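S.K.: Dropping in protein17.csv, which is CSV, C-alpha atoms:
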```
chain,number,residue,atom,x,y,z
X,148,MET,CA,-23.9,-49.1,-6.7
X,149,THR,CA,-26.1,-46.2,-7.8
X,150,GLU,CA,-26.6,-45.1,-4.2
X,151,ASN,CA,-22.8,-45.1,-3.6
X,152,LYS,CA,-22.3,-43.1,-6.7
X,153,SER,CA,-24.9,-40.6,-5.7
X,154,LEU,CA,-23.3,-40.3,-2.3
X,155,GLN,CA,-19.9,-39.7,-3.9
X,156,ILE,CA,-21.3,-37.0,-6.2
X,157,ALA,CA,-23.0,-35.3,-3.3
X,158,SER,CA,-19.7,-35.5,-1.3
X,159,ASN,CA,-17.7,-34.0,-4.1
X,160,GLU,CA,-20.3,-31.2,-4.5
X,161,MET,CA,-20.0,-30.4,-0.8
X,162,LEU,CA,-16.2,-30.3,-1.0
X,163,GLU,CA,-16.4,-27.9,-4.0
X,164,ILE,CA,-18.9,-25.6,-2.1
X,165,GLU,CA,-16.6,-25.7,1.0
X,166,ALA,CA,-13.5,-24.9,-1.1
X,167,SER,CA,-15.3,-22.1,-2.9
X,168,THR,CA,-16.6,-20.6,0.4
X,169,THR,CA,-13.1,-20.8,1.9
X,170,LYS,CA,-11.6,-19.1,-1.1
X,171,SER,CA,-14.3,-16.4,-1.0
X,172,ASP,CA,-13.7,-15.8,2.7
X,173,SER,CA,-10.0,-15.6,2.1
X,174,SER,CA,-10.5,-13.0,-0.7
X,175,ILE,CA,-12.8,-10.9,1.4
X,176,ARG,CA,-10.3,-11.0,4.3
X,177,LEU,CA,-7.4,-9.9,2.0
X,178,TYR,CA,-9.5,-7.1,0.6
X,179,ILE,CA,-10.4,-6.0,4.1
X,180,PHE,CA,-6.8,-6.2,5.0
X,181,ARG,CA,-6.0,-3.8,2.1
X,182,ALA,CA,-8.9,-1.6,3.1
X,183,LEU,CA,-7.5,-1.2,6.6
X,184,GLY,CA,-4.1,-0.4,5.1
X,185,ILE,CA,-5.3,2.3,2.8
X,186,THR,CA,-7.5,3.8,5.5
X,187,LEU,CA,-4.5,4.0,7.9
X,188,MET,CA,-2.5,5.7,5.1
X,189,VAL,CA,-5.2,8.4,4.6
X,190,LEU,CA,-5.5,8.8,8.4
X,191,GLY,CA,-1.7,9.3,8.5
X,192,HIS,CA,-2.0,12.1,6.0
X,193,SER,CA,-5.0,13.7,7.6
X,194,GLY,CA,-3.3,16.1,10.0
X,195,ILE,CA,-2.8,13.9,13.1
X,196,TYR,CA,1.0,14.5,13.2
X,197,GLY,CA,2.0,16.0,16.5
X,198,ARG,CA,-1.3,15.0,18.2
X,199,SER,CA,-1.2,12.7,21.2
X,200,ILE,CA,-3.5,11.0,23.7
X,201,GLY,CA,-1.5,11.0,26.9
X,202,VAL,CA,1.8,9.3,25.9
X,203,PHE,CA,0.2,7.5,23.0
X,204,THR,CA,1.0,9.1,19.6
X,205,PRO,CA,-1.4,7.9,16.8
X,206,PHE,CA,0.8,9.2,14.0
X,207,ASN,CA,3.8,7.2,15.2
X,208,PHE,CA,1.6,4.1,15.8
X,209,ILE,CA,0.3,4.2,12.2
X,210,TYR,CA,3.7,4.8,10.7
X,211,LEU,CA,5.3,1.9,12.5
X,212,PHE,CA,3.7,-0.6,10.1
X,213,HIS,CA,1.0,0.8,7.7
X,214,MET,CA,3.1,0.8,4.5
X,215,SER,CA,4.6,-2.6,5.3
X,216,LEU,CA,1.1,-4.0,4.9
X,217,PHE,CA,1.2,-3.3,1.2
X,218,PHE,CA,4.6,-4.8,0.6
X,219,PHE,CA,3.4,-7.9,2.5
X,220,TYR,CA,0.3,-8.0,0.4
X,221,SER,CA,2.2,-7.9,-2.9
X,222,GLY,CA,4.5,-10.7,-1.7
X,223,TYR,CA,1.5,-12.7,-0.7
X,224,PHE,CA,0.5,-12.9,-4.4
X,225,PHE,CA,3.9,-13.7,-5.8
X,226,ARG,CA,4.0,-17.1,-7.4
X,227,GLU,CA,6.8,-19.3,-8.6
X,228,VAL,CA,5.1,-19.6,-12.0
X,229,ASN,CA,6.4,-16.0,-12.6
X,230,LEU,CA,9.8,-17.5,-13.1
X,231,LYS,CA,8.6,-19.3,-16.2
X,232,THR,CA,6.9,-16.3,-17.6
X,233,PRO,CA,9.3,-13.4,-17.0
X,234,TRP,CA,8.0,-11.1,-19.8
X,235,LYS,CA,4.4,-11.6,-18.7
X,236,PHE,CA,5.4,-10.9,-15.1
X,237,LEU,CA,7.3,-7.7,-16.2
X,238,LYS,CA,4.4,-6.6,-18.4
X,239,GLY,CA,2.0,-7.0,-15.5
X,240,LYS,CA,4.1,-4.8,-13.2
X,241,ILE,CA,4.6,-2.2,-15.9
X,242,THR,CA,0.9,-2.1,-16.6
X,243,THR,CA,-0.2,-1.9,-13.0
X,244,LEU,CA,2.6,0.2,-11.4
X,245,TYR,CA,4.7,2.1,-14.0
X,246,ILE,CA,2.1,3.2,-16.5
X,247,PRO,CA,-0.3,4.6,-13.9
X,248,THR,CA,2.5,6.7,-12.5
X,249,ILE,CA,3.3,8.0,-16.0
X,250,LYS,CA,-0.4,8.6,-16.9
X,251,TYR,CA,-1.5,10.4,-13.8
X,252,GLY,CA,1.9,12.1,-13.3
X,253,ILE,CA,1.5,13.8,-16.7
X,254,MET,CA,-2.1,14.6,-16.0
X,255,PHE,CA,-1.3,16.5,-12.8
X,256,LEU,CA,1.8,18.0,-14.4
X,257,VAL,CA,-0.3,19.5,-17.2
X,258,LEU,CA,-2.9,20.7,-14.6
X,259,ARG,CA,-0.3,22.3,-12.3
X,260,ASN,CA,-0.5,25.8,-13.6
X,261,LEU,CA,-4.3,25.6,-13.6
X,262,MET,CA,-4.5,24.3,-10.0
X,263,ILE,CA,-2.2,27.1,-8.6
X,264,PRO,CA,-4.6,30.1,-9.2
X,265,LEU,CA,-7.4,27.9,-7.8
X,266,HIS,CA,-5.3,27.5,-4.6
X,267,LEU,CA,-5.3,23.7,-5.1
X,268,SER,CA,-1.5,23.6,-5.2
X,269,ASN,CA,1.3,25.6,-3.7
X,270,GLN,CA,4.0,24.3,-6.1
X,271,ALA,CA,6.0,26.6,-8.2
X,272,PRO,CA,4.4,27.3,-11.6
X,273,ILE,CA,6.0,25.9,-14.8
X,274,GLY,CA,7.3,28.9,-16.8
X,275,SER,CA,9.0,27.2,-19.8
X,276,TRP,CA,9.2,24.0,-21.8
X,277,SER,CA,12.6,23.3,-20.2
X,278,GLU,CA,11.1,23.5,-16.8
X,279,PHE,CA,8.3,21.3,-18.0
X,280,TRP,CA,10.8,18.7,-19.0
X,281,ASN,CA,13.5,19.0,-16.3
X,282,ASN,CA,11.3,19.5,-13.3
X,283,GLY,CA,8.3,17.4,-14.5
X,284,LEU,CA,8.2,15.1,-17.4
X,285,ASP,CA,11.7,13.7,-17.3
X,286,PRO,CA,11.5,12.7,-13.6
X,287,ILE,CA,8.1,11.2,-14.1
X,288,ILE,CA,9.4,9.1,-17.0
X,289,ARG,CA,12.2,7.9,-14.7
X,290,PHE,CA,9.5,6.8,-12.2
X,291,TYR,CA,9.6,9.7,-9.7
X,292,ASP,CA,6.6,11.5,-8.4
X,293,THR,CA,7.0,15.3,-9.0
X,294,GLU,CA,3.5,16.5,-8.5
X,295,GLN,CA,2.0,17.3,-5.1
X,296,MET,CA,-1.2,15.3,-5.6
X,297,MET,CA,1.0,12.3,-6.2
X,298,GLY,CA,2.8,12.5,-2.9
X,299,ALA,CA,2.0,8.9,-2.1
X,300,PHE,CA,3.2,7.5,-5.4
X,301,TRP,CA,6.7,6.8,-4.2
X,302,PHE,CA,5.2,3.6,-3.0
X,303,LEU,CA,4.5,2.4,-6.6
X,304,ARG,CA,8.1,2.8,-7.6
X,305,VAL,CA,9.4,0.9,-4.5
X,306,LEU,CA,6.9,-1.8,-5.0
X,307,PHE,CA,7.8,-2.2,-8.7
X,308,PHE,CA,11.5,-2.6,-8.1
X,309,ALA,CA,11.0,-4.8,-5.1
X,310,ASN,CA,9.0,-7.2,-7.3
X,311,ILE,CA,11.8,-7.2,-9.9
X,312,ILE,CA,14.6,-7.7,-7.3
X,313,PHE,CA,12.6,-10.5,-5.6
X,314,TRP,CA,12.1,-12.2,-9.0
X,315,LEU,CA,15.8,-12.0,-9.7
X,316,LEU,CA,16.7,-13.5,-6.3
X,317,PHE,CA,14.1,-16.2,-6.8
X,318,ARG,CA,15.6,-17.0,-10.2
X,319,ILE,CA,19.1,-17.3,-8.7
X,320,THR,CA,17.7,-19.6,-6.0
X,321,HIS,CA,16.1,-21.9,-8.6
X,322,ALA,CA,19.4,-22.0,-10.5
X,323,VAL,CA,21.5,-23.2,-7.6
X,324,GLY,CA,19.0,-24.7,-5.1
X,325,ARG,CA,16.8,-27.8,-5.1
X,326,GLY,CA,13.9,-29.0,-3.0
X,327,ARG,CA,13.7,-28.0,0.6
X,328,TYR,CA,16.9,-25.9,0.3
X,329,LYS,CA,15.4,-23.4,-2.0
X,330,LEU,CA,13.7,-21.4,0.7
X,331,LEU,CA,16.8,-21.4,2.8
X,332,ILE,CA,18.9,-20.1,-0.1
X,333,LEU,CA,16.2,-17.5,-1.0
X,334,GLY,CA,16.1,-16.4,2.7
X,335,GLY,CA,19.8,-16.0,2.7
X,336,LEU,CA,19.8,-13.9,-0.4
X,337,ILE,CA,17.1,-11.8,1.0
X,338,LEU,CA,19.1,-11.3,4.2
X,339,ILE,CA,22.2,-10.3,2.3
X,340,SER,CA,20.4,-7.9,0.0
X,341,SER,CA,18.4,-6.3,2.8
X,342,SER,CA,21.6,-5.9,4.9
X,343,ALA,CA,23.2,-4.1,2.0
X,344,GLY,CA,20.2,-1.8,1.7
X,345,PHE,CA,20.3,-0.9,5.4
X,346,TYR,CA,24.1,-0.4,5.3
X,347,MET,CA,23.8,2.0,2.4
X,348,ASN,CA,20.9,3.8,4.1
X,349,ILE,CA,22.9,4.3,7.4
X,350,HIS,CA,26.0,5.5,5.6
X,351,GLU,CA,24.1,7.5,3.0
X,352,ILE,CA,25.5,5.7,0.0
X,353,TRP,CA,23.2,6.2,-3.0
X,354,PRO,CA,23.3,3.5,-5.7
X,355,PRO,CA,22.6,4.4,-9.3
X,356,LEU,CA,19.0,3.2,-9.3
X,357,ASN,CA,18.5,4.3,-5.7
X,358,TRP,CA,17.2,0.9,-4.6
X,359,ILE,CA,17.8,1.4,-0.9
X,360,ARG,CA,14.2,1.2,0.2
X,361,GLU,CA,13.5,-1.6,-2.2
X,362,LEU,CA,16.3,-3.7,-0.6
X,363,CYS,CA,15.3,-2.8,3.0
X,364,ILE,CA,11.7,-3.9,2.6
X,365,LEU,CA,12.6,-7.2,0.9
X,366,PRO,CA,12.1,-9.3,4.1
X,367,ILE,CA,8.6,-8.0,4.4
X,368,PHE,CA,7.9,-9.0,0.8
X,369,PHE,CA,9.4,-12.4,1.5
X,370,ILE,CA,7.3,-12.9,4.6
X,371,GLY,CA,4.2,-12.1,2.5
X,372,TYR,CA,5.3,-14.8,0.0
X,373,LEU,CA,5.7,-17.3,2.9
X,374,PHE,CA,2.4,-16.4,4.4
X,375,GLY,CA,0.7,-17.1,1.0
X,376,GLN,CA,2.4,-20.5,0.9
X,377,TYR,CA,1.7,-21.6,4.5
X,378,GLU,CA,-1.4,-19.5,5.4
X,379,LYS,CA,-3.4,-22.4,6.7
X,380,LYS,CA,-0.7,-23.3,9.2
X,381,ILE,CA,-0.6,-19.8,10.7
X,382,PRO,CA,-3.0,-19.4,13.7
X,383,MET,CA,-5.1,-16.3,14.1
X,384,LYS,CA,-5.2,-15.9,17.9
X,385,TRP,CA,-6.5,-12.9,19.9
X,386,TRP,CA,-3.8,-13.1,22.5
X,387,ILE,CA,-1.1,-12.8,19.8
X,388,ALA,CA,-2.9,-9.8,18.3
X,389,LEU,CA,-3.1,-8.3,21.7
X,390,ILE,CA,0.7,-8.7,22.2
X,391,THR,CA,1.4,-7.0,18.8
X,392,LEU,CA,-0.9,-4.1,19.7
X,393,ALA,CA,0.9,-3.7,23.0
X,394,TRP,CA,4.2,-3.6,21.3
X,395,LEU,CA,3.2,-1.0,18.7
X,396,MET,CA,1.5,1.2,21.3
X,397,TYR,CA,4.6,1.1,23.5
X,398,CYS,CA,7.0,1.8,20.6
X,399,SER,CA,4.8,4.6,19.3
X,400,ILE,CA,5.7,6.7,22.4
X,401,SER,CA,9.1,7.5,21.1
X,402,HIS,CA,9.7,5.9,17.7
X,403,CYS,CA,8.4,6.3,14.2
X,404,ILE,CA,9.1,4.6,10.9
X,405,ASN,CA,8.8,6.4,7.6
X,406,ILE,CA,9.8,4.2,4.6
X,407,GLY,CA,9.1,7.0,2.2
X,408,SER,CA,11.7,9.2,4.0
X,409,TYR,CA,14.2,6.4,4.5
X,410,ILE,CA,13.5,6.2,8.3
X,411,PHE,CA,13.7,2.7,9.6
X,412,VAL,CA,15.2,3.3,13.1
X,413,SER,CA,17.1,-0.1,12.9
X,414,PRO,CA,16.7,-3.2,10.8
X,415,HIS,CA,15.5,-5.3,13.8
X,416,PHE,CA,13.0,-2.6,15.0
X,417,PHE,CA,11.6,-2.2,11.5
X,418,LEU,CA,11.2,-5.9,11.0
X,419,ILE,CA,9.6,-6.6,14.4
X,420,SER,CA,7.2,-3.6,14.2
X,421,SER,CA,6.2,-4.5,10.6
X,422,LEU,CA,5.5,-8.1,11.6
X,423,ALA,CA,3.5,-6.9,14.6
X,424,GLY,CA,1.4,-4.6,12.5
X,425,ILE,CA,0.9,-7.2,9.8
X,426,TYR,CA,-0.3,-9.8,12.2
X,427,GLY,CA,-2.5,-7.5,14.1
X,428,THR,CA,-4.1,-6.1,10.9
X,429,MET,CA,-4.6,-9.6,9.5
X,430,TYR,CA,-6.2,-10.7,12.7
X,431,LEU,CA,-8.6,-7.7,12.6
X,432,ALA,CA,-9.4,-8.4,9.0
X,433,HIS,CA,-10.1,-12.0,9.9
X,434,ARG,CA,-12.6,-10.9,12.6
X,435,LEU,CA,-14.2,-8.3,10.4
X,436,THR,CA,-15.1,-10.9,7.8
X,437,ARG,CA,-17.6,-12.2,10.4
X,438,LEU,CA,-19.6,-8.9,10.3
X,439,PRO,CA,-23.0,-8.8,8.5
X,440,HIS,CA,-22.5,-9.3,4.8
X,441,ARG,CA,-23.3,-5.7,3.9
X,442,LEU,CA,-20.6,-4.3,6.2
X,443,SER,CA,-17.9,-6.8,5.3
X,444,SER,CA,-18.6,-6.3,1.6
X,445,THR,CA,-18.4,-2.5,2.0
X,446,LEU,CA,-15.0,-2.9,3.6
X,447,ALA,CA,-13.9,-5.3,0.9
X,448,TYR,CA,-15.1,-2.7,-1.7
X,449,ILE,CA,-12.8,-0.1,-0.1
X,450,GLY,CA,-9.9,-2.6,-0.4
X,451,LYS,CA,-10.7,-3.3,-4.1
X,452,HIS,CA,-10.5,0.4,-4.9
X,453,SER,CA,-7.5,1.2,-2.8
X,454,PHE,CA,-5.6,2.6,-5.8
X,455,ASP,CA,-8.4,5.1,-6.4
X,456,ILE,CA,-8.1,6.3,-2.8
X,457,LEU,CA,-4.3,6.5,-3.2
X,458,LEU,CA,-4.7,8.6,-6.3
X,459,TRP,CA,-7.4,11.0,-5.3
X,460,HIS,CA,-7.3,11.4,-1.5
X,461,PHE,CA,-5.1,14.5,-1.4
X,462,LEU,CA,-7.4,16.3,-3.8
X,463,ALA,CA,-10.4,15.1,-1.8
X,464,PHE,CA,-8.8,16.7,1.3
X,465,LYS,CA,-9.3,20.1,-0.4
X,466,VAL,CA,-13.1,19.7,0.1
X,467,VAL,CA,-12.6,19.6,3.8
X,468,SER,CA,-10.1,22.4,3.8
X,469,TYR,CA,-12.5,24.6,1.8
X,470,LEU,CA,-15.4,23.9,4.2
X,471,ARG,CA,-13.2,24.7,7.2
X,472,ILE,CA,-12.1,28.0,5.5
X,473,LEU,CA,-15.8,29.0,5.0
X,474,TRP,CA,-16.7,28.0,8.5
X,475,SER,CA,-13.9,29.8,10.1
X,476,ASP,CA,-13.8,32.8,7.7
X,477,LEU,CA,-10.2,32.2,6.8
X,478,PRO,CA,-8.3,33.6,3.7
X,479,ILE,CA,-9.0,31.5,0.6
X,480,ASP,CA,-5.3,31.3,-0.2
X,481,ARG,CA,-4.8,28.9,2.7
X,482,LEU,CA,-6.6,26.3,0.6
X,483,SER,CA,-3.2,25.7,-1.0
X,484,MET,CA,-1.7,24.3,2.2
X,485,PHE,CA,-0.7,20.7,1.7
X,486,PRO,CA,-1.8,18.1,2.6
X,487,VAL,CA,-4.3,19.6,5.0
X,488,LEU,CA,-5.2,23.0,6.4
X,489,GLU,CA,-2.9,24.1,9.3
X,490,GLY,CA,-4.5,25.5,12.3
X,491,GLY,CA,-7.9,23.8,11.7
X,492,GLY,CA,-10.2,22.2,14.2
X,493,ARG,CA,-8.9,19.6,16.7
X,494,TYR,CA,-11.0,16.9,15.2
X,495,ASP,CA,-10.8,17.9,11.5
X,496,PHE,CA,-8.6,14.8,10.9
X,497,ILE,CA,-11.8,12.7,11.2
X,498,ALA,CA,-13.5,14.6,8.4
X,499,TYR,CA,-10.3,14.4,6.3
X,500,THR,CA,-10.1,10.7,6.7
X,501,ILE,CA,-13.8,10.1,5.9
X,502,ILE,CA,-13.7,12.3,2.8
X,503,GLY,CA,-10.3,11.1,1.8
X,504,VAL,CA,-11.6,7.5,1.6
X,505,GLY,CA,-15.2,8.1,0.7
X,506,LEU,CA,-15.0,10.8,-2.0
X,507,PRO,CA,-12.6,8.8,-4.3
X,508,LEU,CA,-15.0,5.8,-4.0
X,509,LEU,CA,-18.0,8.0,-5.0
X,510,LEU,CA,-16.1,9.5,-7.9
X,511,THR,CA,-15.0,6.0,-9.1
X,512,ALA,CA,-18.5,4.6,-8.8
X,513,GLY,CA,-20.0,7.6,-10.6
X,514,LEU,CA,-17.4,7.4,-13.5
X,515,SER,CA,-18.1,3.6,-13.8
X,516,ARG,CA,-21.8,4.3,-14.0
X,517,ILE,CA,-21.3,7.0,-16.7
X,518,VAL,CA,-19.0,4.7,-18.7
X,519,SER,CA,-21.6,1.9,-18.4
X,520,LEU,CA,-24.4,4.1,-19.6
X,521,VAL,CA,-22.3,5.4,-22.6
X,522,ARG,CA,-21.5,1.9,-23.7
X,523,ARG,CA,-25.2,1.0,-23.8
X,524,ILE,CA,-26.0,3.9,-26.1
```
Write out the structure in this file as structure tokens.
M.R.:
Amino acid sequence: MTENKSLQIASNEMLEIEASTTKSDSSIRLYIFRALGITLMVLGHSGIYGRSIGVFTPFNFIYLFHMSLFFFYSGYFFREVNLKTPWKFLKGKITTLYIPTIKYGIMFLVLRNLMIPLHLSNQAPIGSWSEFWNNGLDPIIRFYDTEQMMGAFWFLRVLFFANIIFWLLFRITHAVGRGRYKLLILGGLILISSSAGFYMNIHEIWPPLNWIRELCILPIFFIGYLFGQYEKKIPMKWWIALITLAWLMYCSISHCINIGSYIFVSPHFFLISSLAGIYGTMYLAHRLTRLPHRLSSTLAYIGKHSFDILLWHFLAFKVVSYLRILWSDLPIDRLSMFPVLEGGGRYDFIAYTIIGVGLPLLLTAGLSRIVSLVRRI
């Protein structure tokens, strides 16, 4: 009896270790997935627009799917428990998406007139309190990014309202659906809502809250939610990833998606390309978890701090632009070019990408170190 009990305890411990390891591997994979997404975003901003390798266009390739990765990622973590705690859910989104936009928007707005003479911005200076309010503070409060260094923050607004809309549709589903029919009803509501978004986008109909992009990306958010529910049933196969890569490379020859600029090509093309990029990136993240621990943890660290990269990469680009100006003996006022220096070296985009990802991480690590030392005093 004692021996059987010992065997049972040992078995339970092994199961707990296995479950913990699986959960850890899944977390690392998701962080690496996010790291790949944020790196692709920085690369897309690094000056590769217009460059090509034969018929292959890297810029188009990246823009076919890279922003969909983040909407998929957010949907992955949506849970039905959010329906029971609406105020907690809303507070979480306000804290993580709206407040950072306000905080850093005001910071860059206040610094605008200081950045202009330093050639860190080519925006028009603010000359009066009315301009400060009308062209800066008021739009920021309404969740719009007005400052040049916040050029990628449109994503936070879209993600915020996409979460709210998805919550509302899920709530309606629970009110009218039961059991296995819930997902069918939710999928139908997503399809109707997304179709309305694409219709308004095509016909340039602007709703009061301008939720066009939010409605269009709902299927990607929904797919992320489904992936989170049925992840174990989805195979990660190299040949499927190879097909997705082939599709994206072929489409990049003549097509480009830009969610920020309302460019989707067509609903079907947007959905297929997004799914192809999501699967390919997830497969790559899955393979990268098998790297030596030091390398995989470094990639995961990048993913954990993707917001810091989103926030600071445009300003980090100025370091590369300044060095290029010194190297090529160019006028210093060209430093104000945004997002990168025009007419630089053919391979400057590599330096922009490395600095755009690496410098925000160094700044974040340094600030964390300083805060930690101050708290010990």
S.K.: One number please: CA of Pro233 in chain X to CA of Cys363 in chain X, in Å, one decimal.
M.R.: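 Going from CA of Pro233 in chain X over to CA of Cys363 in chain X covers 23.4 Å.
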S.K.: Distance CA of Met188 in chain X-CA of Ile387 in chain X, one decimal place?
M.R.: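 These atoms are spaced 23.7 Å apart.
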S.K.: For the atom pair CA of Leu457 in chain X and CA of Ile185 in chain X, what is the interatomic distance in Å to one decimal place?
M.R.: 7.4 Å
S.K.: I'd like to know which of X:Phe279, X:Tyr251, X:Tyr377, X:Tyr196 is closest to Met296 in chain X, using only C-alpha atoms.
M.R.: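 Closest residue, counting only C-alpha atoms: X:Tyr251.
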S.K.: Which residue gives the smallest distance to Ser468 in chain X among X:Gly194, X:Gly407, X:Pro414, X:Gly274, with all atoms listed in the file counted?
M.R.: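 Ranked by minimum distance to Ser468 in chain X, first place goes to X:Gly194.
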S.K.: Considering all atoms listed in the file, return as a short mmCIF file (atom, residue, chain, number, x, y, z; two decimals) with C-alpha atoms, keeping the file's coordinate frame whatever protein or nucleic-acid residues lie within 8 Å of Asn269 in chain X, sequence-local ones (same chain, fewer than 4 positions apart) excluded.
M.R.:
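Listing of out-v6.cif after writing:
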```
data_model
loop_
_atom_site.label_atom_id
_atom_site.label_comp_id
_atom_site.auth_asym_id
_atom_site.auth_seq_id
_atom_site.Cartn_x
_atom_site.Cartn_y
_atom_site.Cartn_z
CA ILE X 263 -2.20 27.10 -8.60
CA SER X 483 -3.20 25.70 -1.00
CA MET X 484 -1.70 24.30 2.20
CA PHE X 485 -0.70 20.70 1.70
#
```
S.K.: If you count only C-alpha atoms, which residues fall within 9 Å of Val467 in chain X, apart from same-chain ones fewer than 6 positions away, as a list in words?
M.R.: Val487, Leu488, Asp495, Ala498, Tyr499 and Ile502 of chain X
S.K.: Which one of X:Trp474, X:Trp353, X:Phe302, X:Phe313 sits closest to Gly371 in chain X if you count all atoms listed in the file?
M.R.: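 Closest residue, counting all atoms listed in the file: X:Phe313.
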S.K.: Just add all heavy atoms to range 297-303 of chain X and send it as a tab-separated table (two decimals), keeping the file's coordinate frame.
M.R.:
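Saved the output as rebuild24.tsv:
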```
chain	number	residue	atom	x	y	z
X	297	MET	N	0.52	13.62	-6.12
X	297	MET	CA	1.00	12.30	-6.20
X	297	MET	C	2.02	11.97	-5.10
X	297	MET	O	2.90	11.12	-5.24
X	297	MET	CB	1.73	12.08	-7.57
X	297	MET	CG	0.82	12.21	-8.77
X	297	MET	SD	1.76	12.07	-10.30
X	297	MET	CE	2.35	10.37	-10.18
X	298	GLY	N	1.84	12.63	-3.98
X	298	GLY	CA	2.80	12.50	-2.90
X	298	GLY	C	2.94	11.10	-2.35
X	298	GLY	O	3.96	10.77	-1.73
X	299	ALA	N	1.94	10.24	-2.58
X	299	ALA	CA	2.00	8.90	-2.10
X	299	ALA	C	2.50	7.87	-3.14
X	299	ALA	O	2.61	6.68	-2.88
X	299	ALA	CB	0.66	8.42	-1.54
X	300	PHE	N	2.81	8.38	-4.33
X	300	PHE	CA	3.20	7.50	-5.40
X	300	PHE	C	4.57	6.94	-5.35
X	300	PHE	O	4.94	6.09	-6.16
X	300	PHE	CB	2.95	8.20	-6.77
X	300	PHE	CG	1.59	7.98	-7.37
X	300	PHE	CD1	0.44	8.26	-6.64
X	300	PHE	CD2	1.45	7.47	-8.64
X	300	PHE	CE1	-0.81	8.07	-7.18
X	300	PHE	CE2	0.20	7.26	-9.20
X	300	PHE	CZ	-0.94	7.57	-8.46
X	301	TRP	N	5.37	7.41	-4.41
X	301	TRP	CA	6.70	6.80	-4.20
X	301	TRP	C	6.57	5.32	-3.97
X	301	TRP	O	7.46	4.53	-4.32
X	301	TRP	CB	7.43	7.48	-3.04
X	301	TRP	CG	6.76	7.24	-1.71
X	301	TRP	CD1	5.84	8.04	-1.09
X	301	TRP	CD2	6.92	6.10	-0.86
X	301	TRP	NE1	5.43	7.49	0.09
X	301	TRP	CE2	6.07	6.29	0.27
X	301	TRP	CE3	7.69	4.95	-0.93
X	301	TRP	CZ2	5.98	5.36	1.30
X	301	TRP	CZ3	7.60	4.02	0.10
X	301	TRP	CH2	6.76	4.23	1.21
X	302	PHE	N	5.45	4.96	-3.36
X	302	PHE	CA	5.20	3.60	-3.00
X	302	PHE	C	5.17	2.68	-4.24
X	302	PHE	O	5.67	1.54	-4.22
X	302	PHE	CB	3.88	3.49	-2.24
X	302	PHE	CG	3.23	2.14	-2.24
X	302	PHE	CD1	3.76	1.11	-1.50
X	302	PHE	CD2	2.10	1.91	-3.00
X	302	PHE	CE1	3.17	-0.15	-1.51
X	302	PHE	CE2	1.49	0.67	-3.01
X	302	PHE	CZ	2.03	-0.37	-2.27
X	303	LEU	N	4.59	3.17	-5.36
X	303	LEU	CA	4.50	2.40	-6.60
X	303	LEU	C	5.88	2.06	-7.13
X	303	LEU	O	6.13	0.94	-7.61
X	303	LEU	CB	3.65	3.08	-7.62
X	303	LEU	CG	2.19	3.36	-7.26
X	303	LEU	CD1	1.44	3.91	-8.48
X	303	LEU	CD2	1.49	2.12	-6.73
```
